[in-house]
>>> print(open('entry-v1.txt').read())   # compact mmCIF, C-alpha atoms (C1' of nucleotides)
# COMPACT_ATOMS: atom_id res chain seq x y z
CA MET F 1 -16.81 96.48 139.00
CA THR F 2 -16.19 96.41 135.30
CA LYS F 3 -17.58 93.43 133.45
CA THR F 4 -15.89 92.38 130.24
CA ALA F 5 -18.23 93.15 127.39
CA THR F 6 -19.09 90.02 125.47
CA PRO F 7 -20.65 89.66 122.02
CA SER F 8 -24.28 88.66 121.75
CA PRO F 9 -25.02 84.94 121.47
CA GLU F 10 -26.20 85.58 117.91
CA ALA F 11 -22.92 87.21 116.99
CA ILE F 12 -20.91 84.40 118.54
CA LYS F 13 -22.95 81.79 116.75
CA ALA F 14 -22.66 83.52 113.39
CA TRP F 15 -18.92 83.94 113.86
CA ALA F 16 -18.44 80.32 114.80
CA ARG F 17 -20.46 79.15 111.82
CA LEU F 18 -18.52 81.38 109.51
CA MET F 19 -15.16 80.16 110.80
CA ARG F 20 -16.10 76.54 110.68
CA VAL F 21 -17.94 76.49 107.38
CA SER F 22 -15.33 78.51 105.55
CA ARG F 23 -12.61 76.18 106.74
CA GLN F 24 -14.55 73.12 105.69
CA LEU F 25 -15.33 74.52 102.28
CA ILE F 26 -11.76 75.57 101.61
CA GLU F 27 -10.55 72.17 102.68
CA GLN F 28 -13.00 70.44 100.38
CA ALA F 29 -12.12 72.61 97.42
CA GLU F 30 -8.39 72.16 98.00
CA GLU F 31 -8.80 68.45 98.27
CA ALA F 32 -10.72 68.26 95.00
CA LEU F 33 -7.95 70.15 93.24
CA LYS F 34 -5.24 68.01 94.72
CA ASP F 35 -7.09 64.84 93.82
CA SER F 36 -7.07 66.03 90.24
CA GLY F 37 -3.36 66.73 90.37
CA LEU F 38 -3.91 70.48 90.14
CA PRO F 39 -2.27 73.35 92.04
CA PRO F 40 -3.81 74.88 95.16
CA LEU F 41 -6.49 77.55 95.34
CA ALA F 42 -4.01 80.36 95.82
CA TRP F 43 -2.71 79.73 92.33
CA TYR F 44 -6.20 79.94 90.97
CA ASP F 45 -6.83 83.27 92.62
CA VAL F 46 -3.78 84.79 91.03
CA LEU F 47 -4.32 83.23 87.63
CA HIS F 48 -7.91 84.40 87.72
CA GLU F 49 -6.96 88.00 88.40
CA LEU F 50 -4.32 87.92 85.73
CA ALA F 51 -6.68 86.41 83.20
CA GLU F 52 -9.21 89.13 83.91
CA ALA F 53 -6.54 91.76 83.55
CA GLY F 54 -5.77 90.60 80.01
CA GLU F 55 -2.70 91.42 77.96
CA GLY F 56 -1.87 94.47 80.00
CA GLY F 57 -1.12 92.27 82.98
CA LEU F 58 -0.92 93.46 86.55
CA ARG F 59 1.72 94.77 88.86
CA PRO F 60 2.44 92.61 91.91
CA PHE F 61 1.10 95.27 94.26
CA GLN F 62 -2.17 95.23 92.36
CA LEU F 63 -2.40 91.49 92.92
CA ILE F 64 -1.85 92.09 96.60
CA GLU F 65 -4.76 94.53 96.70
CA ARG F 66 -7.06 92.17 94.82
CA THR F 67 -6.20 88.89 96.50
CA LEU F 68 -5.37 89.95 100.05
CA PHE F 69 -2.21 87.89 100.08
CA ALA F 70 0.79 89.25 101.93
CA GLN F 71 3.50 90.93 99.94
CA TYR F 72 6.13 88.27 100.48
CA ASN F 73 3.56 85.66 99.71
CA ILE F 74 2.78 87.12 96.30
CA SER F 75 6.45 87.58 95.62
CA ARG F 76 7.14 83.93 96.15
CA LEU F 77 3.97 82.68 94.56
CA LEU F 78 4.82 84.59 91.41
CA ALA F 79 8.28 83.09 91.44
CA ARG F 80 6.72 79.63 91.50
CA LEU F 81 4.21 80.49 88.82
CA GLU F 82 6.99 81.81 86.64
CA ALA F 83 9.10 78.73 87.25
CA ASP F 84 6.15 76.69 86.05
CA GLY F 85 5.77 78.86 82.99
CA LEU F 86 2.28 80.01 83.93
CA VAL F 87 3.12 83.70 84.01
CA GLU F 88 5.73 86.04 82.57
CA LYS F 89 7.44 88.84 84.41
CA LEU F 90 8.04 91.90 82.28
CA LYS F 91 9.97 94.96 83.31
CA ALA F 92 7.44 97.67 83.99
CA ALA F 93 7.68 100.27 81.25
CA ASP F 94 7.25 103.31 83.43
CA ASP F 95 8.57 102.23 86.81
CA GLY F 96 12.10 101.02 87.25
CA ARG F 97 11.25 99.22 90.47
CA GLY F 98 8.33 97.28 89.23
CA GLN F 99 7.32 94.50 86.96
CA THR F 100 4.23 93.63 85.09
CA ILE F 101 2.96 90.12 85.42
CA ARG F 102 1.17 88.59 82.47
CA ILE F 103 -0.52 85.23 82.29
CA SER F 104 0.85 82.87 79.64
CA ALA F 105 -1.04 80.53 77.34
CA LYS F 106 -0.09 77.67 79.61
CA GLY F 107 -1.32 79.71 82.53
CA ARG F 108 -4.69 80.19 80.88
CA GLU F 109 -4.91 76.51 80.17
CA THR F 110 -4.06 75.62 83.76
CA ARG F 111 -6.64 78.07 85.00
CA ARG F 112 -9.23 76.51 82.71
CA ARG F 113 -8.51 73.03 84.01
CA MET F 114 -8.60 74.26 87.58
CA TRP F 115 -11.94 75.92 86.99
CA ALA F 116 -13.43 72.67 85.75
CA VAL F 117 -12.73 71.21 89.18
CA TYR F 118 -13.10 74.31 91.32
CA GLY F 119 -16.36 75.32 89.68
CA ARG F 120 -17.76 71.88 90.31
CA SER F 121 -16.83 72.20 93.98
CA ILE F 122 -18.63 75.52 94.20
CA MET F 123 -21.68 74.04 92.57
CA GLU F 124 -21.78 71.07 94.87
CA LEU F 125 -20.80 72.77 98.09
CA VAL F 126 -22.82 75.93 97.74
CA GLY F 127 -24.94 76.02 94.61
CA ALA F 128 -26.68 72.77 95.40
CA LYS F 129 -27.34 73.61 99.03
CA LEU F 130 -29.14 76.96 98.79
CA SER F 131 -31.60 78.52 96.39
CA ALA F 132 -30.66 81.50 94.25
CA ASP F 133 -32.58 83.74 96.60
CA GLU F 134 -30.85 82.37 99.62
CA LEU F 135 -27.50 82.75 97.93
CA ARG F 136 -28.27 86.38 97.23
CA THR F 137 -29.22 86.85 100.86
CA VAL F 138 -25.97 85.32 102.06
CA SER F 139 -23.95 87.46 99.68
CA ALA F 140 -25.71 90.62 100.78
CA LEU F 141 -25.28 89.92 104.48
CA LEU F 142 -21.66 88.85 104.14
CA GLY F 143 -21.08 91.93 102.07
CA ARG F 144 -21.96 94.03 105.08
CA LEU F 145 -19.11 92.37 106.97
CA ARG F 146 -16.48 93.54 104.56
CA LEU F 147 -14.00 95.92 106.00
CA PRO F 148 -14.31 99.60 105.26
CA PRO F 149 -11.91 100.19 102.34
CA ALA F 150 -9.40 102.25 104.29
CA THR F 151 -8.79 100.90 107.78
CA ASP F 152 -5.61 102.89 108.32
CA MET M 153 -19.99 69.09 72.21
CA THR M 154 -19.86 68.93 75.96
CA LYS M 155 -19.87 72.21 77.77
CA THR M 156 -18.26 72.39 81.20
CA ALA M 157 -20.98 72.90 83.77
CA THR M 158 -20.44 76.10 85.67
CA PRO M 159 -21.99 77.24 88.95
CA SER M 160 -24.72 79.88 88.88
CA PRO M 161 -23.62 83.48 89.19
CA GLU M 162 -25.34 83.57 92.57
CA ALA M 163 -23.32 80.60 93.79
CA ILE M 164 -20.08 82.09 92.53
CA LYS M 165 -20.81 85.39 94.17
CA ALA M 166 -21.72 83.82 97.49
CA TRP M 167 -18.60 81.67 97.39
CA ALA M 168 -16.37 84.61 96.61
CA ARG M 169 -17.87 86.67 99.40
CA LEU M 170 -17.49 83.83 101.84
CA MET M 171 -13.84 83.30 100.93
CA ARG M 172 -12.95 86.93 101.04
CA VAL M 173 -14.87 87.93 104.13
CA SER M 174 -13.74 84.96 106.17
CA ARG M 175 -10.13 85.69 105.33
CA GLN M 176 -10.49 89.33 106.25
CA LEU M 177 -12.18 88.56 109.52
CA ILE M 178 -9.63 85.97 110.52
CA GLU M 179 -6.84 88.34 109.68
CA GLN M 180 -8.40 91.09 111.77
CA ALA M 181 -8.97 88.84 114.74
CA GLU M 182 -5.43 87.46 114.55
CA GLU M 183 -4.00 90.92 114.35
CA ALA M 184 -5.91 92.08 117.39
CA LEU M 185 -4.57 89.15 119.39
CA LYS M 186 -1.04 89.72 118.23
CA ASP M 187 -1.25 93.41 119.02
CA SER M 188 -2.15 92.44 122.56
CA GLY M 189 0.77 90.07 122.78
CA LEU M 190 -1.51 87.04 122.86
CA PRO M 191 -1.25 83.68 121.09
CA PRO M 192 -2.99 82.98 117.78
CA LEU M 193 -6.60 81.89 117.27
CA ALA M 194 -5.72 78.23 116.97
CA TRP M 195 -4.63 78.25 120.60
CA TYR M 196 -7.92 79.76 121.59
CA ASP M 197 -9.88 77.08 119.80
CA VAL M 198 -8.09 74.34 121.66
CA LEU M 199 -8.17 76.06 125.03
CA HIS M 200 -11.85 76.72 124.54
CA GLU M 201 -12.65 73.08 123.87
CA LEU M 202 -10.56 71.98 126.80
CA ALA M 203 -12.19 74.50 129.10
CA GLU M 204 -15.62 73.26 128.08
CA ALA M 205 -14.55 69.69 128.65
CA GLY M 206 -13.70 70.46 132.26
CA GLU M 207 -11.61 68.36 134.61
CA GLY M 208 -12.12 65.22 132.58
CA GLY M 209 -10.13 66.71 129.75
CA LEU M 210 -10.13 65.47 126.20
CA ARG M 211 -8.19 63.00 124.14
CA PRO M 212 -6.24 64.50 121.25
CA PHE M 213 -8.43 62.72 118.72
CA GLN M 214 -11.46 64.36 120.26
CA LEU M 215 -9.85 67.74 119.77
CA ILE M 216 -9.26 66.84 116.15
CA GLU M 217 -12.95 66.07 115.69
CA ARG M 218 -14.05 69.28 117.37
CA THR M 219 -11.58 71.72 115.87
CA LEU M 220 -11.00 70.28 112.39
CA PHE M 221 -7.26 70.62 112.76
CA ALA M 222 -5.07 67.98 111.20
CA GLN M 223 -3.69 65.27 113.43
CA TYR M 224 -0.08 66.38 113.21
CA ASN M 225 -1.18 69.90 113.78
CA ILE M 226 -2.89 69.06 117.04
CA SER M 227 0.02 66.93 118.10
CA ARG M 228 2.41 69.82 117.73
CA LEU M 229 0.06 72.46 119.01
CA LEU M 230 -0.42 70.45 122.18
CA ALA M 231 3.32 70.14 122.56
CA ARG M 232 3.60 73.93 122.43
CA LEU M 233 0.71 74.42 124.81
CA GLU M 234 2.30 72.01 127.22
CA ALA M 235 5.67 73.70 126.90
CA ASP M 236 3.93 76.93 127.85
CA GLY M 237 2.26 75.27 130.80
CA LEU M 238 -1.24 75.88 129.46
CA VAL M 239 -2.24 72.23 129.38
CA GLU M 240 -1.21 68.99 131.04
CA LYS M 241 -0.83 65.67 129.31
CA LEU M 242 -1.97 62.74 131.41
CA LYS M 243 -1.62 59.10 130.52
CA ALA M 244 -5.04 57.90 129.53
CA ALA M 245 -6.33 55.58 132.20
CA ASP M 246 -7.91 53.03 129.93
CA ASP M 247 -5.92 53.26 126.72
CA GLY M 248 -2.21 52.61 126.68
CA ARG M 249 -1.78 54.52 123.43
CA GLY M 250 -3.53 57.66 124.40
CA GLN M 251 -3.35 60.66 126.62
CA THR M 252 -5.85 62.93 128.19
CA ILE M 253 -5.27 66.62 127.82
CA ARG M 254 -6.40 68.89 130.59
CA ILE M 255 -6.32 72.65 130.68
CA SER M 256 -4.28 74.16 133.53
CA ALA M 257 -5.07 77.18 135.66
CA LYS M 258 -2.65 79.18 133.57
CA GLY M 259 -4.40 77.88 130.49
CA ARG M 260 -7.75 79.10 131.77
CA GLU M 261 -6.26 82.46 132.54
CA THR M 262 -4.73 82.74 129.07
CA ARG M 263 -8.03 81.78 127.51
CA ARG M 264 -9.76 84.43 129.55
CA ARG M 265 -7.36 87.12 128.43
CA MET M 266 -7.66 85.98 124.84
CA TRP M 267 -11.43 86.13 125.03
CA ALA M 268 -11.33 89.73 126.20
CA VAL M 269 -9.67 90.58 122.89
CA TYR M 270 -11.24 87.98 120.65
CA GLY M 271 -14.74 88.66 121.93
CA ARG M 272 -14.27 92.33 121.24
CA SER M 273 -13.23 91.52 117.68
CA ILE M 274 -16.36 89.44 117.20
CA MET M 275 -18.49 92.24 118.54
CA GLU M 276 -16.95 94.85 116.32
CA LEU M 277 -16.55 92.80 113.19
CA VAL M 278 -19.85 90.98 113.24
CA GLY M 279 -22.08 91.99 116.13
CA ALA M 280 -21.98 95.65 115.25
CA LYS M 281 -22.59 95.13 111.56
CA LEU M 282 -25.77 93.04 111.52
CA SER M 283 -28.92 92.89 113.61
CA ALA M 284 -29.72 89.89 115.76
CA ASP M 285 -32.23 88.75 113.17
CA GLU M 286 -29.74 89.07 110.38
CA LEU M 287 -27.15 87.19 112.40
CA ARG M 288 -29.61 84.37 112.91
CA THR M 289 -30.30 84.32 109.20
CA VAL M 290 -26.61 84.10 108.37
CA SER M 291 -26.11 81.32 110.89
CA ALA M 292 -29.02 79.35 109.54
CA LEU M 293 -27.94 79.65 105.92
CA LEU M 294 -24.30 78.89 106.65
CA GLY M 295 -25.47 75.95 108.69
CA ARG M 296 -26.92 74.45 105.55
CA LEU M 297 -23.45 74.51 104.01
CA ARG M 298 -21.96 72.29 106.64
CA LEU M 299 -20.78 68.98 105.39
CA PRO M 300 -22.86 65.90 106.00
CA PRO M 301 -21.32 64.30 109.12
CA ALA M 302 -19.92 61.25 107.36
CA THR M 303 -18.47 62.06 103.96
CA ASP M 304 -16.60 58.76 103.62
C1' DG Y 305 -4.08 33.07 123.34
C1' DG Y 306 -2.19 34.68 118.86
C1' DG Y 307 -2.29 37.14 114.73
C1' DC Y 308 -3.82 41.13 112.00
C1' DG Y 309 -5.85 45.13 110.60
C1' DA Y 310 -7.33 49.55 112.78
C1' DT Y 311 -6.54 53.39 115.90
C1' DT Y 312 -3.76 56.73 118.41
C1' DG Y 313 -0.23 59.86 118.54
C1' DA Y 314 4.60 61.41 117.30
C1' DT Y 315 8.19 62.74 114.06
C1' DG Y 316 11.75 63.39 109.95
C1' DC Y 317 11.87 66.02 106.18
C1' DA Y 318 10.33 69.19 102.53
C1' DA Y 319 7.49 73.13 101.40
C1' DT Y 320 5.33 77.22 102.84
C1' DT Y 321 4.51 81.17 105.79
C1' DG Y 322 5.68 85.03 108.70
C1' DC Y 323 8.81 88.52 110.16
C1' DA Y 324 12.19 91.72 109.60
C1' DT Y 325 15.18 93.74 106.66
C1' DT Y 326 17.22 95.09 102.33
C1' DA Y 327 17.96 97.03 97.67
C1' DA Y 328 16.37 99.83 94.17
C1' DT Y 329 13.74 103.37 92.44
C1' DA Y 330 10.27 107.05 92.73
C1' DT Y 331 8.38 111.30 94.57
C1' DA Y 332 8.03 115.42 97.11
C1' DG Y 333 10.05 119.43 99.13
C1' DA Y 334 13.69 122.64 100.49
C1' DT I 335 19.21 119.89 92.09
C1' DC I 336 19.66 117.31 96.11
C1' DT I 337 18.04 115.15 100.05
C1' DA I 338 14.58 112.84 102.77
C1' DT I 339 10.77 109.84 102.68
C1' DA I 340 7.77 106.53 100.54
C1' DT I 341 6.92 102.74 97.46
C1' DT I 342 7.92 98.35 95.20
C1' DA I 343 9.67 93.90 95.37
C1' DA I 344 12.94 90.33 97.06
C1' DT I 345 15.16 87.54 100.62
C1' DG I 346 17.56 85.38 105.02
C1' DC I 347 16.04 83.09 108.72
C1' DA I 348 12.82 81.11 112.09
C1' DA I 349 8.35 79.00 112.81
C1' DT I 350 4.66 76.40 111.05
C1' DT I 351 2.38 73.23 107.94
C1' DG I 352 1.89 69.20 105.06
C1' DC I 353 3.13 64.62 103.90
C1' DA I 354 4.51 60.23 104.72
C1' DT I 355 5.73 57.07 107.93
C1' DC I 356 6.52 54.95 112.31
C1' DA I 357 5.88 52.94 116.93
C1' DA I 358 2.82 51.43 120.22
C1' DT I 359 -1.38 49.76 121.58
C1' DC I 360 -6.14 48.03 120.84
C1' DG I 361 -9.75 44.86 119.49
C1' DC I 362 -11.66 41.64 116.62
C1' DC I 363 -11.79 37.05 114.99
C1' DC I 364 -10.00 32.54 114.59
>>> encode(input="entry-v1.txt", output="structure tokens")
Amino acid sequence: MTKTATPSPEAIKAWARLMRVSRQLIEQAEEALKDSGLPPLAWYDVLHELAEAGEGGLRPFQLIERTLFAQYNISRLLARLEADGLVEKLKAADDGRGQTIRISAKGRETRRRMWAVYGRSIMELVGAKLSADELRTVSALLGRLRLPPATD
Amino acid sequence: MTKTATPSPEAIKAWARLMRVSRQLIEQAEEALKDSGLPPLAWYDVLHELAEAGEGGLRPFQLIERTLFAQYNISRLLARLEADGLVEKLKAADDGRGQTIRISAKGRETRRRMWAVYGRSIMELVGAKLSADELRTVSALLGRLRLPPATD
DNA sequence: GGGCGATTGATGCAATTGCATTAATATAGA
DNA sequence: TCTATATTAATGCAATTGCATCAATCGCCC
């Protein structure tokens, strides 16, 4: 008689909390952005990576690695960002297939305005609820849940 | 000169970890279900609530409260579940507007099969990575990030 | 009882996501 | 070099989500 193995109550509880809290927080942050007439979080993620990358820009596949978005998702998101003038697509110098994506001045400005709202959400939703020590503890424990780099 | 208030580095780090890890975990769990030819997590959430509710079933608005899905989302999800024979919609006895949703035998069976896969994901992705104590710590800290019941 | 705002649930339509496939180029190997 | 395979990015089409609105009660208050 084989019994289906079930996770420990502690694991189930932690999982449930993680699922629920992350959804709530995302929802709150998205709502704050929308209320300010700003684009969704996904745009911020991409603009943030591109801003960090600087003038050299990034290739789309690098954005995929950094943001965890699906390939087709990045492809279309970049199309929208370009249509809005927030990024530029440049032919990649050394790879005929690829492009290099660079954030524009308008893109930087949009990112700045998004951060004013997004940062406030983070402060209120997380920074104000736990001490610095507790935040470090959460980060460390969550860090142990990251996937091993190469799952294939 | 007014400087934009920014969250502490600890808050930013914890937020980033939470966003990234939760996305990874969800993706992994969804993939495991799909690989087994099972429906997505959202179905599980609803079937789980309905199974807990027992024969009395639940009203759609109660599912919305418990699962945090949007109203139109629940409405359509229930339509799909009903089309698949996993739930039954009954006219609510005491409220001419409403319905009562009850899980069917097939629904219970589907939930059971989903749990075999989903539970394993939870074990591997969370249970195997942290000790029971650490899991309790995570749960407690994440619990403090929940929203105050009435935000309006 | 009758009217009116609130609640419950569904739905038309636009935007986004997911899936599968495609086109173009790069790279490695015979 | 020439071919086979892998990588990079886009896209057609179906499914899902989000938004706004609607229809049908309900319940309160007069």
>>> residues_around(input="entry-v1.txt", residues="F:Arg76", least_positions_apart="5", cutoff="10 Å", atoms="only C-alpha atoms (C1' of nucleotides)", output="list of chain:residue names")
F:Gln71, F:Leu81, F:Glu82, Y:DT320, I:DA344, I:DT345
>>> closest_residue(input="entry-v1.txt", among="M:Leu242, M:Leu199, M:Ala163, M:Ala168", to="chain F", atoms="only C-alpha atoms")
M:Ala163
>>> closest_residue(input="entry-v1.txt", among="Y:DC308, Y:DT315, Y:DA334, Y:DC323", to="chain M", atoms="only C-alpha atoms (C1' of nucleotides)")
Y:DT315
>>> closest_atom_pairs(input="entry-v1.txt", of="chain Y", to="stretch 337-340 of chain I", cutoff="9 Å", atoms="all atoms listed in the file", output="CSV")
residue,atom,partner,partner_atom,distance
Y:DA330,C1',I:DA340,C1',8.2
Y:DT331,C1',I:DA340,C1',7.7
Y:DA332,C1',I:DT339,C1',8.3
Y:DG333,C1',I:DA338,C1',8.8
Y:DA334,C1',I:DT337,C1',8.7
>>> interface_residues(input="entry-v1.txt", of="chain M", to="chain F", cutoff="6 Å", atoms="all atoms listed in the file", output="VMD selection string")
chain M and resid 158 to 159 162 to 163 166 173 271 275 279 284 287 291 298
>>> write_last_selection(input="entry-v1.txt", atoms="C-alpha atoms", output="short mmCIF file (atom, residue, chain, number, x, y, z; two decimals), in the coordinates of the input")
data_model
loop_
_atom_site.label_atom_id
_atom_site.label_comp_id
_atom_site.auth_asym_id
_atom_site.auth_seq_id
_atom_site.Cartn_x
_atom_site.Cartn_y
_atom_site.Cartn_z
CA THR M 158 -20.44 76.10 85.67
CA PRO M 159 -21.99 77.24 88.95
CA GLU M 162 -25.34 83.57 92.57
CA ALA M 163 -23.32 80.60 93.79
CA ALA M 166 -21.72 83.82 97.49
CA VAL M 173 -14.87 87.93 104.13
CA GLY M 271 -14.74 88.66 121.93
CA MET M 275 -18.49 92.24 118.54
CA GLY M 279 -22.08 91.99 116.13
CA ALA M 284 -29.72 89.89 115.76
CA LEU M 287 -27.15 87.19 112.40
CA SER M 291 -26.11 81.32 110.89
CA ARG M 298 -21.96 72.29 106.64
#
>>> residues_near_point(input="entry-v1.txt", point="(4.4, 52.9, 119.9)", cutoff="10 Å", atoms="only C-alpha atoms (C1' of nucleotides)", output="PyMOL selection string")
(chain M and resi 248-249) or (chain Y and resi 312-314) or (chain I and resi 356-359)
>>> closest_atom_pairs(input="entry-v1.txt", of="chain F", to="chain I", cutoff="8 Å", atoms="only C-alpha atoms (C1' of nucleotides)", output="tab-separated table")
residue	atom	partner	partner_atom	distance
F:Phe61	CA	I:DT342	C1'	7.5
F:Tyr72	CA	I:DA344	C1'	7.9
F:Ser75	CA	I:DA343	C1'	7.1
F:Arg97	CA	I:DT342	C1'	5.8
F:Gly98	CA	I:DT342	C1'	6.1
>>> residues_around(input="entry-v1.txt", residues="F:Leu50", least_positions_apart="6", cutoff="10 Å", atoms="all atoms listed in the file", output="count of residues only")
13
>>> atom_distance(input="entry-v1.txt", atom1="atom CA of F:Leu38", atom2="atom CA of F:Glu109")
11.7 Å
>>> interface_residues(input="entry-v1.txt", of="chain Y", to="chain F", cutoff="8 Å", atoms="only C-alpha atoms (C1' of nucleotides)", output="list in words")
DT321, DA328, DT329 and DA330 of chain Y
>>> atom_distance(input="entry-v1.txt", atom1="atom CA of F:Ser36", atom2="atom CA of F:Thr110")
12.0 Å
>>> atom_distance(input="entry-v1.txt", atom1="atom CA of M:Pro212", atom2="atom CA of M:Leu230")
8.4 Å
>>> build_atoms(input="entry-v1.txt", residues="stretch 219-234 of chain M", atoms="N, CA, C and O atoms", output="compact mmCIF listing (two decimals), keeping the file's coordinate frame")
# COMPACT_ATOMS: atom_id res chain seq x y z
N THR M 219 -12.18 70.50 116.42
CA THR M 219 -11.58 71.72 115.87
C THR M 219 -11.27 71.64 114.38
O THR M 219 -10.97 72.66 113.77
N LEU M 220 -11.30 70.44 113.81
CA LEU M 220 -11.00 70.28 112.39
C LEU M 220 -9.52 70.49 112.06
O LEU M 220 -9.17 70.62 110.90
N PHE M 221 -8.68 70.54 113.07
CA PHE M 221 -7.26 70.62 112.76
C PHE M 221 -6.75 69.24 112.36
O PHE M 221 -7.31 68.23 112.76
N ALA M 222 -5.67 69.24 111.61
CA ALA M 222 -5.07 67.98 111.20
C ALA M 222 -4.40 67.32 112.40
O ALA M 222 -4.01 68.00 113.36
N GLN M 223 -4.25 66.04 112.31
CA GLN M 223 -3.69 65.27 113.43
C GLN M 223 -2.31 65.77 113.82
O GLN M 223 -2.03 66.00 115.01
N TYR M 224 -1.44 65.96 112.86
CA TYR M 224 -0.08 66.38 113.21
C TYR M 224 -0.08 67.80 113.75
O TYR M 224 0.78 68.19 114.52
N ASN M 225 -1.08 68.54 113.32
CA ASN M 225 -1.18 69.90 113.78
C ASN M 225 -1.54 69.95 115.27
O ASN M 225 -0.94 70.69 116.05
N ILE M 226 -2.51 69.15 115.63
CA ILE M 226 -2.89 69.06 117.04
C ILE M 226 -1.74 68.53 117.87
O ILE M 226 -1.43 69.06 118.94
N SER M 227 -1.09 67.53 117.36
CA SER M 227 0.02 66.93 118.10
C SER M 227 1.06 67.98 118.46
O SER M 227 1.53 68.06 119.60
N ARG M 228 1.39 68.81 117.47
CA ARG M 228 2.41 69.82 117.73
C ARG M 228 1.89 71.00 118.53
O ARG M 228 2.59 71.57 119.36
N LEU M 229 0.66 71.36 118.26
CA LEU M 229 0.06 72.46 119.01
C LEU M 229 0.01 72.11 120.49
O LEU M 229 0.34 72.92 121.36
N LEU M 230 -0.37 70.87 120.79
CA LEU M 230 -0.42 70.45 122.18
C LEU M 230 0.96 70.46 122.81
O LEU M 230 1.12 70.82 123.98
N ALA M 231 1.95 70.10 122.03
CA ALA M 231 3.32 70.14 122.56
C ALA M 231 3.69 71.57 122.95
O ALA M 231 4.30 71.80 124.00
N ARG M 232 3.30 72.53 122.11
CA ARG M 232 3.60 73.93 122.43
C ARG M 232 2.80 74.40 123.64
O ARG M 232 3.32 75.10 124.50
N LEU M 233 1.54 74.02 123.68
CA LEU M 233 0.71 74.42 124.81
C LEU M 233 1.27 73.84 126.10
O LEU M 233 1.29 74.51 127.14
N GLU M 234 1.74 72.62 126.03
CA GLU M 234 2.30 72.01 127.22
C GLU M 234 3.59 72.71 127.62
O GLU M 234 3.83 72.99 128.80
